[in-house]
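> Input file: query-v1.txt. Contents: compact mmCIF, C-alpha atoms.
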# COMPACT_ATOMS: atom_id res chain seq x y z
CA MET A 1 99.61 134.37 78.57
CA LYS A 2 100.91 131.50 80.66
CA PRO A 3 99.55 127.97 80.30
CA ALA A 4 97.29 126.50 82.98
CA PRO A 5 98.96 123.72 85.00
CA PHE A 6 99.40 120.30 83.38
CA ASP A 7 101.32 117.09 83.90
CA TYR A 8 104.11 116.39 81.45
CA LEU A 9 105.62 113.24 80.00
CA ARG A 10 108.62 113.16 77.72
CA ALA A 11 108.07 110.01 75.68
CA GLN A 12 111.30 108.18 74.95
CA THR A 13 109.64 105.71 72.62
CA THR A 14 106.47 105.53 70.53
CA ALA A 15 105.24 102.87 72.97
CA ASP A 16 105.58 105.35 75.88
CA ALA A 17 103.46 107.86 74.00
CA LEU A 18 100.82 105.28 73.03
CA ASP A 19 100.62 103.98 76.63
CA ALA A 20 100.03 107.50 77.90
CA LEU A 21 97.37 108.18 75.25
CA ALA A 22 95.65 104.85 76.03
CA GLN A 23 95.51 105.78 79.69
CA HIS A 24 94.73 109.50 79.51
CA GLY A 25 93.07 109.79 76.07
CA GLU A 26 90.69 112.74 76.08
CA ASP A 27 92.61 114.60 78.77
CA ALA A 28 95.99 114.35 77.00
CA ARG A 29 97.44 116.36 74.13
CA VAL A 30 100.43 115.37 72.04
CA LEU A 31 103.16 118.01 72.05
CA ALA A 32 105.37 117.75 68.97
CA GLY A 33 106.78 121.06 67.72
CA GLY A 34 104.34 123.07 69.83
CA GLN A 35 104.08 125.88 67.29
CA SER A 36 100.28 125.73 67.32
CA LEU A 37 99.65 123.91 70.60
CA MET A 38 101.89 126.07 72.82
CA ALA A 39 100.22 129.24 71.56
CA VAL A 40 96.81 127.67 72.28
CA LEU A 41 97.98 126.66 75.77
CA ASN A 42 99.48 130.08 76.48
CA MET A 43 96.14 131.66 75.60
CA ARG A 44 94.40 128.96 77.67
CA LEU A 45 92.15 128.03 74.79
CA ALA A 46 93.01 124.45 75.75
CA GLN A 47 93.78 123.16 79.24
CA PRO A 48 94.76 119.50 78.94
CA GLY A 49 95.64 117.48 82.04
CA LEU A 50 98.67 115.85 80.43
CA LEU A 51 101.10 116.79 77.69
CA VAL A 52 102.77 113.88 75.94
CA ASP A 53 105.96 115.34 74.49
CA ILE A 54 107.20 113.41 71.46
CA SER A 55 109.63 116.09 70.27
CA ARG A 56 112.61 114.03 71.38
CA THR A 57 111.24 110.61 70.47
CA ASP A 58 113.95 109.54 68.02
CA GLU A 59 112.00 106.77 66.30
CA LEU A 60 109.31 109.32 65.34
CA SER A 61 111.67 111.85 63.80
CA THR A 62 112.45 109.95 60.59
CA ILE A 63 112.04 111.40 57.10
CA ARG A 64 112.47 108.76 54.41
CA VAL A 65 111.55 107.81 50.90
CA ASP A 66 109.33 104.76 50.87
CA ARG A 67 109.19 102.97 47.50
CA ASP A 68 105.90 101.15 48.23
CA GLY A 69 103.17 101.65 45.66
CA GLY A 70 103.96 104.72 43.60
CA GLY A 71 106.47 105.83 46.21
CA TYR A 72 106.07 108.22 49.14
CA LEU A 73 107.98 110.66 51.25
CA ALA A 74 107.16 109.35 54.72
CA ILE A 75 107.49 111.90 57.52
CA GLY A 76 107.41 110.85 61.18
CA ALA A 77 105.45 112.61 63.90
CA ALA A 78 108.44 114.39 65.42
CA ALA A 79 110.10 115.46 62.14
CA THR A 80 110.19 119.22 61.80
CA GLN A 81 108.98 121.24 58.83
CA GLY A 82 112.47 122.71 58.63
CA GLY A 83 113.95 119.22 58.44
CA VAL A 84 111.82 118.50 55.37
CA GLU A 85 112.13 121.98 53.84
CA TRP A 86 115.97 121.98 53.94
CA ARG A 87 116.18 118.48 52.47
CA ALA A 88 118.35 118.84 49.35
CA THR A 89 116.25 116.40 47.29
CA LEU A 90 112.80 117.75 48.19
CA ARG A 91 112.30 119.57 44.88
CA ASP A 92 112.63 116.28 42.99
CA GLU A 93 110.68 114.21 45.49
CA VAL A 94 107.61 116.31 46.36
CA PRO A 95 107.89 119.61 44.45
CA LEU A 96 104.52 120.84 45.72
CA LEU A 97 105.83 120.73 49.30
CA ALA A 98 108.86 122.78 48.24
CA LEU A 99 106.51 125.37 46.70
CA ALA A 100 104.31 125.49 49.81
CA PHE A 101 106.92 125.70 52.60
CA PRO A 102 107.88 129.37 52.13
CA HIS A 103 104.23 130.28 52.78
CA ILE A 104 104.10 128.46 56.12
CA SER A 105 104.56 130.99 58.88
CA HIS A 106 108.26 131.88 59.29
CA PHE A 107 111.71 130.27 59.23
CA GLN A 108 111.90 130.35 63.03
CA ILE A 109 108.53 128.57 63.37
CA ARG A 110 109.25 125.95 60.69
CA ASN A 111 112.48 125.12 62.54
CA ARG A 112 110.42 123.61 65.32
CA GLY A 113 106.93 123.05 63.93
CA THR A 114 106.27 119.51 62.71
CA VAL A 115 104.60 118.34 59.51
CA CYS A 116 102.42 115.80 61.32
CA GLY A 117 101.49 118.36 63.97
CA SER A 118 100.12 120.73 61.36
CA VAL A 119 98.19 117.89 59.74
CA ALA A 120 96.81 116.74 63.13
CA HIS A 121 95.84 120.33 64.03
CA ALA A 122 93.77 120.51 60.79
CA ASP A 123 93.45 124.25 60.47
CA PRO A 124 91.37 124.71 57.30
CA SER A 125 93.70 127.42 56.01
CA ALA A 126 96.98 125.60 56.76
CA GLU A 127 99.25 124.72 53.84
CA LEU A 128 100.35 121.18 54.78
CA PRO A 129 96.82 119.71 55.02
CA LEU A 130 96.14 121.38 51.65
CA VAL A 131 99.20 119.82 50.01
CA LEU A 132 98.42 116.43 51.53
CA THR A 133 94.87 116.65 50.14
CA ALA A 134 95.98 117.87 46.70
CA LEU A 135 98.40 114.95 46.35
CA GLY A 136 96.06 112.33 47.82
CA GLY A 137 98.50 111.56 50.64
CA GLU A 138 97.90 109.38 53.65
CA VAL A 139 97.91 109.64 57.42
CA THR A 140 99.00 106.74 59.63
CA LEU A 141 97.17 106.65 62.96
CA ARG A 142 98.46 104.36 65.66
CA SER A 143 97.10 103.42 69.06
CA LYS A 144 98.15 100.70 71.48
CA GLN A 145 95.58 98.41 69.86
CA ARG A 146 95.89 99.05 66.15
CA THR A 147 97.40 100.94 63.25
CA ARG A 148 95.26 102.35 60.45
CA VAL A 149 96.04 104.35 57.35
CA LEU A 150 93.57 106.97 56.11
CA LYS A 151 93.49 108.94 52.90
CA ALA A 152 93.80 112.70 53.51
CA GLN A 153 90.20 113.34 52.47
CA ASP A 154 88.96 110.81 55.04
CA PHE A 155 91.25 112.12 57.78
CA PHE A 156 90.18 115.77 57.61
CA GLN A 157 86.60 116.05 58.86
CA GLY A 158 86.08 119.72 59.57
CA MET A 159 87.46 122.82 61.25
CA LEU A 160 90.25 121.56 63.57
CA THR A 161 88.52 118.18 63.44
CA THR A 162 89.97 114.90 62.20
CA ALA A 163 89.27 111.17 62.30
CA ARG A 164 91.88 110.74 65.03
CA GLU A 165 90.56 109.01 68.15
CA PRO A 166 91.77 110.29 71.54
CA ASP A 167 94.03 107.27 72.05
CA GLU A 168 95.65 107.62 68.62
CA LEU A 169 98.87 109.28 67.57
CA VAL A 170 99.39 110.64 64.07
CA GLU A 171 102.46 108.46 63.67
CA SER A 172 103.41 109.58 60.18
CA VAL A 173 102.12 111.16 57.00
CA ARG A 174 103.00 110.08 53.47
CA PHE A 175 103.22 112.45 50.53
CA PRO A 176 103.22 110.72 47.11
CA LEU A 177 106.44 111.28 45.18
CA LYS A 178 106.28 113.27 41.95
CA LYS A 179 105.19 111.12 39.04
CA LYS A 180 106.42 111.54 35.50
CA GLY A 181 104.60 114.33 33.67
CA GLU A 182 103.18 115.99 36.80
CA ARG A 183 103.61 119.72 37.17
CA PHE A 184 102.67 121.82 40.17
CA GLY A 185 101.50 125.26 41.25
CA PHE A 186 100.93 126.86 44.64
CA ALA A 187 99.71 130.32 45.62
CA GLU A 188 98.03 131.97 48.53
CA CYS A 189 96.76 135.34 49.67
CA SER A 190 97.28 136.51 53.24
CA ALA A 191 97.25 139.90 54.95
CA ARG A 192 100.99 139.72 55.66
CA HIS A 193 103.62 137.22 54.58
CA GLY A 194 103.54 134.25 56.93
CA ASP A 195 100.02 134.92 58.23
CA PHE A 196 97.25 132.38 57.84
CA ALA A 197 95.98 132.21 54.28
CA MET A 198 92.67 133.82 53.41
CA VAL A 199 92.66 131.44 50.48
CA ALA A 200 95.39 129.02 49.36
CA CYS A 201 95.37 126.97 46.14
CA ALA A 202 97.46 124.06 44.96
CA ALA A 203 97.37 122.47 41.51
CA VAL A 204 98.70 119.27 40.01
CA VAL A 205 98.52 119.19 36.22
CA THR A 206 99.28 116.28 33.88
CA ASP A 207 98.85 115.99 30.11
CA ASP A 208 95.20 115.05 30.51
CA ALA A 209 94.05 116.07 33.99
CA ILE A 210 93.97 118.84 36.54
CA THR A 211 93.76 118.48 40.32
CA ILE A 212 92.92 121.71 42.10
CA ALA A 213 92.84 121.93 45.89
CA VAL A 214 91.63 124.91 47.90
CA GLY A 215 92.27 125.78 51.55
CA GLY A 216 90.88 128.55 53.73
CA VAL A 217 87.34 128.56 52.34
CA ALA A 218 85.49 125.39 53.37
CA ASP A 219 85.93 123.85 56.83
CA ARG A 220 88.68 121.61 55.44
CA PRO A 221 90.89 121.49 52.34
CA VAL A 222 88.92 120.38 49.28
CA ALA A 223 90.31 118.81 46.09
CA GLU A 224 88.57 118.54 42.71
CA PHE A 225 89.62 116.43 39.74
CA TRP A 226 89.03 117.81 36.28
CA PRO A 227 89.98 116.92 32.73
CA ARG A 228 92.50 119.29 31.25
CA LEU A 229 90.28 122.33 30.85
CA ALA A 230 91.40 125.64 29.40
CA GLY A 231 90.11 129.11 28.61
CA ASP A 232 86.43 129.78 29.32
CA ASP A 233 85.81 126.17 30.38
CA LEU A 234 88.48 126.53 33.05
CA ARG A 235 87.14 129.94 34.14
CA GLY A 236 83.67 128.39 34.38
CA ALA A 237 84.85 125.41 36.40
CA LEU A 238 86.72 127.70 38.82
CA ASN A 239 83.64 129.86 39.21
CA ASP A 240 81.49 126.79 39.99
CA LEU A 241 84.11 125.65 42.51
CA SER A 242 84.23 129.07 44.18
CA TRP A 243 80.45 128.87 44.85
CA LYS A 244 80.48 125.21 45.82
CA LEU A 245 82.95 125.74 48.69
CA GLY A 246 80.39 127.73 50.69
CA ALA A 247 82.56 130.76 51.44
CA GLN A 248 81.54 132.75 54.52
CA ASP A 249 82.00 136.37 55.52
CA ASP A 250 84.28 136.86 58.49
CA ALA A 251 85.63 139.85 60.42
CA TYR A 252 88.35 140.47 57.84
CA ILE A 253 87.13 139.53 54.40
CA SER A 254 83.85 138.88 52.64
CA ALA A 255 82.59 135.66 51.07
CA LYS A 256 82.55 137.51 47.77
CA TYR A 257 86.28 138.29 48.02
CA ARG A 258 87.02 134.69 48.99
CA ARG A 259 85.21 133.50 45.85
CA HIS A 260 87.23 136.02 43.83
CA LEU A 261 90.45 134.63 45.32
CA VAL A 262 89.45 131.05 44.49
CA ARG A 263 88.86 132.06 40.85
CA GLU A 264 92.05 134.12 40.53
CA LEU A 265 94.50 132.02 42.57
CA GLY A 266 92.99 128.88 41.05
CA TRP A 267 93.68 130.25 37.57
CA ARG A 268 97.18 131.29 38.55
CA VAL A 269 98.25 127.94 40.05
CA ILE A 270 96.88 125.99 37.09
CA GLU A 271 98.65 128.34 34.64
CA GLU A 272 101.84 127.97 36.69
CA ALA A 273 101.55 124.19 36.46
CA MET A 274 100.57 124.04 32.75
CA MET B 1 116.49 103.86 73.58
CA SER B 2 115.47 101.89 76.45
CA GLY B 3 114.21 100.50 79.54
CA THR B 4 112.30 102.52 82.01
CA PRO B 5 109.98 105.14 80.60
CA ASN B 6 110.43 108.67 81.90
CA PRO B 7 108.23 109.53 84.88
CA ILE B 8 105.25 111.82 84.44
CA LEU B 9 106.19 115.22 85.87
CA ARG B 10 103.29 116.44 88.01
CA HIS B 11 101.73 119.86 87.72
CA GLY B 12 102.57 122.23 90.53
CA GLN B 13 105.74 120.36 91.41
CA GLN B 14 109.12 121.93 90.91
CA GLN B 15 111.39 120.07 88.51
CA ARG B 16 115.12 120.45 88.23
CA VAL B 17 116.12 121.53 84.73
CA THR B 18 119.76 121.54 83.64
CA LEU B 19 120.84 122.98 80.33
CA THR B 20 123.96 124.35 78.70
CA LEU B 21 123.45 128.10 78.45
CA ASN B 22 125.97 129.80 76.19
CA GLY B 23 128.48 127.05 76.85
CA ARG B 24 128.03 126.86 80.62
CA GLU B 25 125.99 124.25 82.43
CA ARG B 26 123.20 125.93 84.40
CA SER B 27 120.38 124.52 86.53
CA GLY B 28 117.16 125.84 87.94
CA HIS B 29 113.77 124.69 89.13
CA CYS B 30 110.38 125.15 87.55
CA GLU B 31 106.93 123.64 87.12
CA PRO B 32 106.19 121.71 83.91
CA ARG B 33 104.14 124.65 82.60
CA GLU B 34 106.97 127.21 82.83
CA LEU B 35 107.99 128.64 79.47
CA LEU B 36 111.67 128.56 78.50
CA SER B 37 111.55 132.36 78.07
CA ASP B 38 110.52 132.82 81.72
CA PHE B 39 112.95 130.16 82.93
CA LEU B 40 115.87 131.92 81.24
CA ARG B 41 114.93 135.31 82.64
CA HIS B 42 113.61 134.49 86.10
CA GLU B 43 115.44 131.31 87.10
CA LEU B 44 118.76 131.81 85.35
CA GLY B 45 118.81 135.63 85.32
CA ALA B 46 119.54 135.74 81.59
CA THR B 47 117.39 138.75 80.81
CA GLY B 48 118.88 139.41 77.38
CA THR B 49 116.07 137.32 75.90
CA HIS B 50 112.99 139.51 75.73
CA VAL B 51 109.35 138.52 76.04
CA GLY B 52 106.82 140.12 73.74
CA CYS B 53 103.64 138.45 72.55
CA GLU B 54 104.00 135.02 74.18
CA HIS B 55 102.33 133.26 71.28
CA GLY B 56 105.14 133.00 68.77
CA VAL B 57 104.30 135.97 66.57
CA CYS B 58 106.67 138.78 67.52
CA GLY B 59 110.00 136.93 67.60
CA ALA B 60 111.47 138.88 70.55
CA CYS B 61 112.13 135.70 72.56
CA THR B 62 113.94 133.82 69.77
CA VAL B 63 116.89 131.78 71.07
CA GLN B 64 118.82 128.84 69.65
CA ILE B 65 118.08 125.35 70.90
CA ASP B 66 120.84 122.95 69.85
CA GLY B 67 121.91 125.64 67.39
CA VAL B 68 118.49 126.12 65.77
CA ALA B 69 116.56 129.39 66.07
CA ALA B 70 113.27 128.87 67.91
CA ARG B 71 110.75 130.75 70.02
CA ALA B 72 111.48 130.40 73.74
CA CYS B 73 107.83 131.31 74.49
CA LEU B 74 106.60 128.26 72.54
CA THR B 75 109.00 125.93 74.34
CA LEU B 76 108.64 124.56 77.85
CA ALA B 77 111.67 124.85 80.11
CA VAL B 78 111.41 121.10 80.84
CA GLN B 79 111.76 120.46 77.10
CA ALA B 80 115.15 122.17 77.14
CA ASP B 81 116.51 119.87 79.85
CA GLY B 82 119.83 118.45 78.72
CA ARG B 83 119.99 120.65 75.62
CA ARG B 84 122.22 123.46 74.46
CA VAL B 85 120.52 126.85 74.60
CA ASP B 86 122.23 129.91 73.17
CA THR B 87 121.01 133.43 73.82
CA VAL B 88 122.14 136.93 72.92
CA GLU B 89 124.43 137.01 75.97
CA GLY B 90 126.62 134.40 74.27
CA LEU B 91 127.25 136.25 71.01
CA ALA B 92 130.00 138.64 72.08
CA ASP B 93 133.48 137.44 73.00
CA GLY B 94 134.01 139.26 76.29
CA ASP B 95 133.86 142.96 75.45
CA THR B 96 134.24 142.38 71.73
CA LEU B 97 130.95 142.31 69.88
CA SER B 98 130.46 139.59 67.28
CA ASP B 99 130.69 140.61 63.62
CA LEU B 100 126.89 140.40 63.43
CA GLN B 101 126.45 142.74 66.40
CA GLN B 102 129.05 145.14 64.98
CA ALA B 103 127.14 145.25 61.69
CA PHE B 104 123.94 146.11 63.57
CA GLN B 105 125.81 148.91 65.33
CA ARG B 106 127.33 150.26 62.10
CA HIS B 107 123.99 150.32 60.30
CA HIS B 108 121.90 151.61 63.24
CA ALA B 109 119.87 148.43 62.92
CA LEU B 110 118.22 148.99 66.28
CA GLN B 111 116.62 151.80 68.15
CA CYS B 112 114.85 150.70 71.33
CA GLY B 113 116.50 147.28 71.10
CA PHE B 114 113.54 145.25 72.30
CA CYS B 115 113.40 143.05 69.19
CA THR B 116 117.16 142.94 68.65
CA ALA B 117 118.13 139.94 70.77
CA GLY B 118 115.68 137.71 68.93
CA ILE B 119 116.68 139.00 65.52
CA LEU B 120 120.37 138.43 66.24
CA MET B 121 119.72 134.84 67.31
CA SER B 122 117.71 134.17 64.14
CA CYS B 123 120.36 135.74 61.92
CA ALA B 124 123.21 133.84 63.58
CA ASP B 125 121.53 130.50 62.77
CA TRP B 126 120.22 131.51 59.33
CA LEU B 127 123.48 132.98 58.00
CA ARG B 128 125.24 129.68 58.72
CA ARG B 129 122.75 128.03 56.34
CA VAL B 130 122.42 130.85 53.80
CA PRO B 131 125.85 132.48 53.60
CA ASP B 132 125.10 134.36 50.38
CA PRO B 133 121.54 135.67 50.75
CA THR B 134 119.60 138.03 48.49
CA GLU B 135 117.74 140.99 49.97
CA ASP B 136 114.44 139.15 49.36
CA GLN B 137 115.66 136.15 51.31
CA VAL B 138 116.79 138.37 54.20
CA ARG B 139 113.41 140.09 54.29
CA ASP B 140 111.65 136.72 54.24
CA MET B 141 113.73 135.52 57.22
CA LEU B 142 113.08 138.81 59.06
CA SER B 143 109.33 138.43 58.53
CA GLY B 144 109.45 136.25 61.64
CA HIS B 145 110.31 139.32 63.73
CA LEU B 146 108.43 142.50 64.53
CA CYS B 147 110.42 145.70 64.86
CA ARG B 148 108.44 148.89 65.45
CA CYS B 149 111.35 151.36 65.34
CA THR B 150 113.59 150.82 62.36
CA GLY B 151 111.35 150.12 59.39
CA TYR B 152 113.67 147.14 58.82
CA ALA B 153 115.83 148.83 56.15
CA PRO B 154 118.92 149.16 58.38
CA ILE B 155 118.45 145.60 59.67
CA VAL B 156 118.41 144.28 56.11
CA ALA B 157 121.53 146.33 55.33
CA ALA B 158 123.34 144.99 58.40
CA VAL B 159 122.56 141.36 57.57
CA LEU B 160 123.65 141.76 53.93
CA ASP B 161 126.79 143.57 55.07
CA VAL B 162 127.89 140.93 57.56
CA ALA B 163 127.21 138.18 55.00
CA ALA B 164 129.35 140.00 52.41
CA ARG B 165 132.18 140.59 54.90
CA ARG B 166 132.17 136.94 55.95
CA ARG B 167 132.38 135.86 52.32
CA ARG B 168 135.27 138.27 51.67
CA SER B 169 137.20 137.09 54.69
CA ALA B 170 136.58 133.44 53.76
CA ALA B 171 137.88 134.19 50.24
CA ARG B 172 140.98 135.92 51.69
CA GLU B 173 141.67 132.93 53.92
CA GLU B 174 141.41 130.62 50.96
CA THR B 175 143.88 132.73 49.00
CA ALA B 176 146.26 132.85 51.97
CA HIS B 177 146.23 129.06 52.20
CA ALA B 178 146.58 128.55 48.47
Can you present the structure in this file as structure tokens?

Amino acid sequence: MKPAPFDYLRAQTTADALDALAQHGEDARVLAGGQSLMAVLNMRLAQPGLLVDISRTDELSTIRVDRDGGGYLAIGAAATQGGVEWRATLRDEVPLLALAFPHISHFQIRNRGTVCGSVAHADPSAELPLVLTALGGEVTLRSKQRTRVLKAQDFFQGMLTTAREPDELVESVRFPLKKKGERFGFAECSARHGDFAMVACAAVVTDDAITIAVGGVADRPVAEFWPRLAGDDLRGALNDLSWKLGAQDDAYISAKYRRHLVRELGWRVIEEAM
Amino acid sequence: MSGTPNPILRHGQQQRVTLTLNGRERSGHCEPRELLSDFLRHELGATGTHVGCEHGVCGACTVQIDGVAARACLTLAVQADGRRVDTVEGLADGDTLSDLQQAFQRHHALQCGFCTAGILMSCADWLRRVPDPTEDQVRDMLSGHLCRCTGYAPIVAAVLDVAARRRRSAAREETAHA
């Protein structure tokens, strides 16, 4: 349980990190909070040649409200989950994030884990990619050559797979601020509190529409947009969704149980948000 | 922010790492891949921090980095260079246990003690932020630690007790100054 040897760079600036990624690309990994990557390295599931540590890169650790467009909470690559979670105004800014944070691993992990790191890691059962997808948030990718902004649904491409190129850094993510009339729900089922979700659901409900997003079933978080359904229509739509996600059996739970969780947790989060 | 970028530290080469351990500046040498947990124990001889799962799950190696509870096994020693690291050895004042440690003793909140150092370091950080916790909140915070002896009940009692005592003594101080 010790990592294989690697070179290490502590990036002082974003430019330092981008230079290193331009030069070492495929063979480099970005180390932010390390709460997924260090475990992977310790188990030697990954053996990169170079770690580019951005955890102390001050210009990447910003958390700020950006009033562009409808308004966003913009979170830099080195900003910790704890830094966002303990923000006094989070409940007014992005209430869905406030609902999701307690489900993400544990206090001690969120203290160091980063928001962008979880998004870049793209675990299909992780909460932050799910929330970003449910809200239609954005990911800013930056390399030495260019900066591009992708919608969450274009960024996540599969199990632990994203649109990020090897020379790119997930520089920031942007969560849309709560709009008037939006209400939210979040629920998940896991074997123990803080474990990876078997299924996680997030809902955004307005007077005339429902957004439901599901993690842990397909190879990436999936969002659907419905009119404001209720009763049997809603049960029916959730049942269709549960089949559409292509649930698989695994060593712990069956596809059938996953579909059950989509129907039940889906119902619960929409009720919570109604 | 400035000037010359940091050099790339090469694998296999020993680096000098200097950190402030429990208020004292300490240095040692390690490769870039050395975990902070191993650096504390093997280089600095601070064996109070225990090593369990080495992938962030069990919580035994929890220390505070710049005052924030974090897993030493998910941190590289080179990342701690220039930072303040606090471990269980720094909690007591000489021979006098801290109020948190005394509460653990009163409530028999440990048996074998393997998980205790990590739990104490988590609690010390968390109680500064949540001075008036509910039992549910304490259990949620403790979910980041595995204890196989106690069944957690005495740990929960100790944390609630120390929080209540701190609030009482803060209230007394306020009255005294009024």
> Between chain B and chain A, at 8 Å or less, what are the per-residue closest atom pairs and their distances in Å? Count all atoms listed in the file, order by chain and rising residue number, and return it as CSV.

residue,atom,partner,partner_atom,distance
B:Met1,CA,A:Gln12,CA,6.9
B:Ser2,CA,A:Gln12,CA,7.7
B:Pro5,CA,A:Asp16,CA,6.5
B:Asn6,CA,A:Arg10,CA,6.4
B:Pro7,CA,A:Leu9,CA,6.7
B:Ile8,CA,A:Leu9,CA,4.7
B:Leu9,CA,A:Tyr8,CA,5.0
B:Arg10,CA,A:Asp7,CA,4.6
B:His11,CA,A:Asp7,CA,4.7
B:Gly12,CA,A:Pro5,CA,6.8
B:Pro32,CA,A:Tyr8,CA,6.2
B:Arg33,CA,A:Pro5,CA,5.8
B:Glu34,CA,A:Lys2,CA,7.7
B:Leu35,CA,A:Lys2,CA,7.7
B:Glu54,CA,A:Met1,CA,6.2
B:His55,CA,A:Ala39,CA,4.5
B:Gly56,CA,A:Ala39,CA,6.8
B:Thr62,CA,A:Gln108,CA,7.9
B:Val68,CA,A:Asn111,CA,6.9
B:Ala69,CA,A:Gln108,CA,5.6
B:Ala70,CA,A:Gln108,CA,5.3
B:Arg71,CA,A:Gln108,CA,7.1
B:Leu74,CA,A:Met38,CA,5.2
B:Thr75,CA,A:Gly34,CA,7.1
B:Gln79,CA,A:Arg10,CA,8.0
B:Ser122,CA,A:Gln108,CA,7.0
B:Asp140,CA,A:His106,CA,7.8
B:Met141,CA,A:Phe107,CA,6.0
B:Ser143,CA,A:His106,CA,6.7
B:Gly144,CA,A:His106,CA,5.1
> Excluding stretch 218-226 of chain A and its own-chain neighbours fewer than 2 positions away, which residues fall within 8 Å of it when counting only C-alpha atoms? Please give them as a PDB file with C-alpha atoms, keeping the file's coordinate frame.

ATOM      1  CA  ALA A 122      93.770 120.510  60.790  1.00  0.00           C
ATOM      2  CA  ASP A 123      93.450 124.250  60.470  1.00  0.00           C
ATOM      3  CA  PRO A 124      91.370 124.710  57.300  1.00  0.00           C
ATOM      4  CA  SER A 125      93.700 127.420  56.010  1.00  0.00           C
ATOM      5  CA  PRO A 129      96.820 119.710  55.020  1.00  0.00           C
ATOM      6  CA  LEU A 130      96.140 121.380  51.650  1.00  0.00           C
ATOM      7  CA  THR A 133      94.870 116.650  50.140  1.00  0.00           C
ATOM      8  CA  ALA A 134      95.980 117.870  46.700  1.00  0.00           C
ATOM      9  CA  GLN A 153      90.200 113.340  52.470  1.00  0.00           C
ATOM     10  CA  PHE A 156      90.180 115.770  57.610  1.00  0.00           C
ATOM     11  CA  GLN A 157      86.600 116.050  58.860  1.00  0.00           C
ATOM     12  CA  GLY A 158      86.080 119.720  59.570  1.00  0.00           C
ATOM     13  CA  MET A 159      87.460 122.820  61.250  1.00  0.00           C
ATOM     14  CA  ALA A 209      94.050 116.070  33.990  1.00  0.00           C
ATOM     15  CA  ILE A 210      93.970 118.840  36.540  1.00  0.00           C
ATOM     16  CA  THR A 211      93.760 118.480  40.320  1.00  0.00           C
ATOM     17  CA  ILE A 212      92.920 121.710  42.100  1.00  0.00           C
ATOM     18  CA  ALA A 213      92.840 121.930  45.890  1.00  0.00           C
ATOM     19  CA  VAL A 214      91.630 124.910  47.900  1.00  0.00           C
ATOM     20  CA  GLY A 215      92.270 125.780  51.550  1.00  0.00           C
ATOM     21  CA  GLY A 216      90.880 128.550  53.730  1.00  0.00           C
ATOM     22  CA  ARG A 228      92.500 119.290  31.250  1.00  0.00           C
ATOM     23  CA  LEU A 229      90.280 122.330  30.850  1.00  0.00           C
ATOM     24  CA  LEU A 245      82.950 125.740  48.690  1.00  0.00           C
ATOM     25  CA  GLY A 246      80.390 127.730  50.690  1.00  0.00           C
ATOM     26  CA  ALA A 247      82.560 130.760  51.440  1.00  0.00           C
TER      27      ALA A 247
END
> Show me, as a PyMOL selection string, the residues that have an atom within 12 Å of B:Cys61 when counting all atoms listed in the file, minus same-chain residues fewer than 6 positions from it.
(chain A and resi 108) or (chain B and resi 35-41+46-55+69-75+86-88+114-122+144-146)
> Enclose all atoms of stretch 208-214 of chain A listed in the file in an axis-aligned box, grow every side by 6 Å, and hand back centre and edge lengths in Å to one decimal, as lines of an AutoDock Vina configuration file.

center_x = 93.4
center_y = 120.0
center_z = 39.2
size_x = 15.6
size_y = 21.9
size_z = 29.4
> Provide the atom CA of B:Ala171 to atom CA of B:Glu89 distance in Å, to one decimal place.
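One can read the atom CA of B:Ala171 to atom CA of B:Glu89 distance as 29.2 Å.
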> Enter the distance from atom CA of A:Ile270 to atom CA of A:Ala203, in Å, rounded to one decimal.
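Pair atom CA of A:Ile270 / atom CA of A:Ala203 returns 5.7 Å.
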> List the spatial neighbours of B:Arg106 as a list of chain:residue names - criterion: any atom at most 10 Å away, all atoms listed in the file, same-chain residues fewer than 6 positions off excluded.
B:Leu100, B:Pro154, B:Ala157, B:Ala158, B:Asp161
> If you measure from atom CA of B:Gln111 to atom CA of B:Cys58, what distance in Å do you get, rounded to one decimal?
16.4 Å
> Using all atoms listed in the file, which of B:Pro131, B:Gly94, B:Gly82, B:Gly151 sits nearest B:Glu25?
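Result for the nearest residue to B:Glu25: B:Gly82.
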> Excluding B:Ala80 and residues on its chain fewer than 3 positions from it, collect all residues at most 10 Å away from it, counting all atoms listed in the file, and give them as an MDAnalysis selection string.
chainID B and resid 17:20 35:36 65:66 72 75:77 83:85
> For the selection just defined, write its residues with C-alpha atoms to a file, as a PDB file, in the frame of the given file.

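Written output follows (selection_6.pdb):
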ATOM      1  CA  VAL B  17     116.120 121.530  84.730  1.00  0.00           C
ATOM      2  CA  THR B  18     119.760 121.540  83.640  1.00  0.00           C
ATOM      3  CA  LEU B  19     120.840 122.980  80.330  1.00  0.00           C
ATOM      4  CA  THR B  20     123.960 124.350  78.700  1.00  0.00           C
ATOM      5  CA  LEU B  35     107.990 128.640  79.470  1.00  0.00           C
ATOM      6  CA  LEU B  36     111.670 128.560  78.500  1.00  0.00           C
ATOM      7  CA  ILE B  65     118.080 125.350  70.900  1.00  0.00           C
ATOM      8  CA  ASP B  66     120.840 122.950  69.850  1.00  0.00           C
ATOM      9  CA  ALA B  72     111.480 130.400  73.740  1.00  0.00           C
ATOM     10  CA  THR B  75     109.000 125.930  74.340  1.00  0.00           C
ATOM     11  CA  LEU B  76     108.640 124.560  77.850  1.00  0.00           C
ATOM     12  CA  ALA B  77     111.670 124.850  80.110  1.00  0.00           C
ATOM     13  CA  ARG B  83     119.990 120.650  75.620  1.00  0.00           C
ATOM     14  CA  ARG B  84     122.220 123.460  74.460  1.00  0.00           C
ATOM     15  CA  VAL B  85     120.520 126.850  74.600  1.00  0.00           C
TER      16      VAL B  85
END
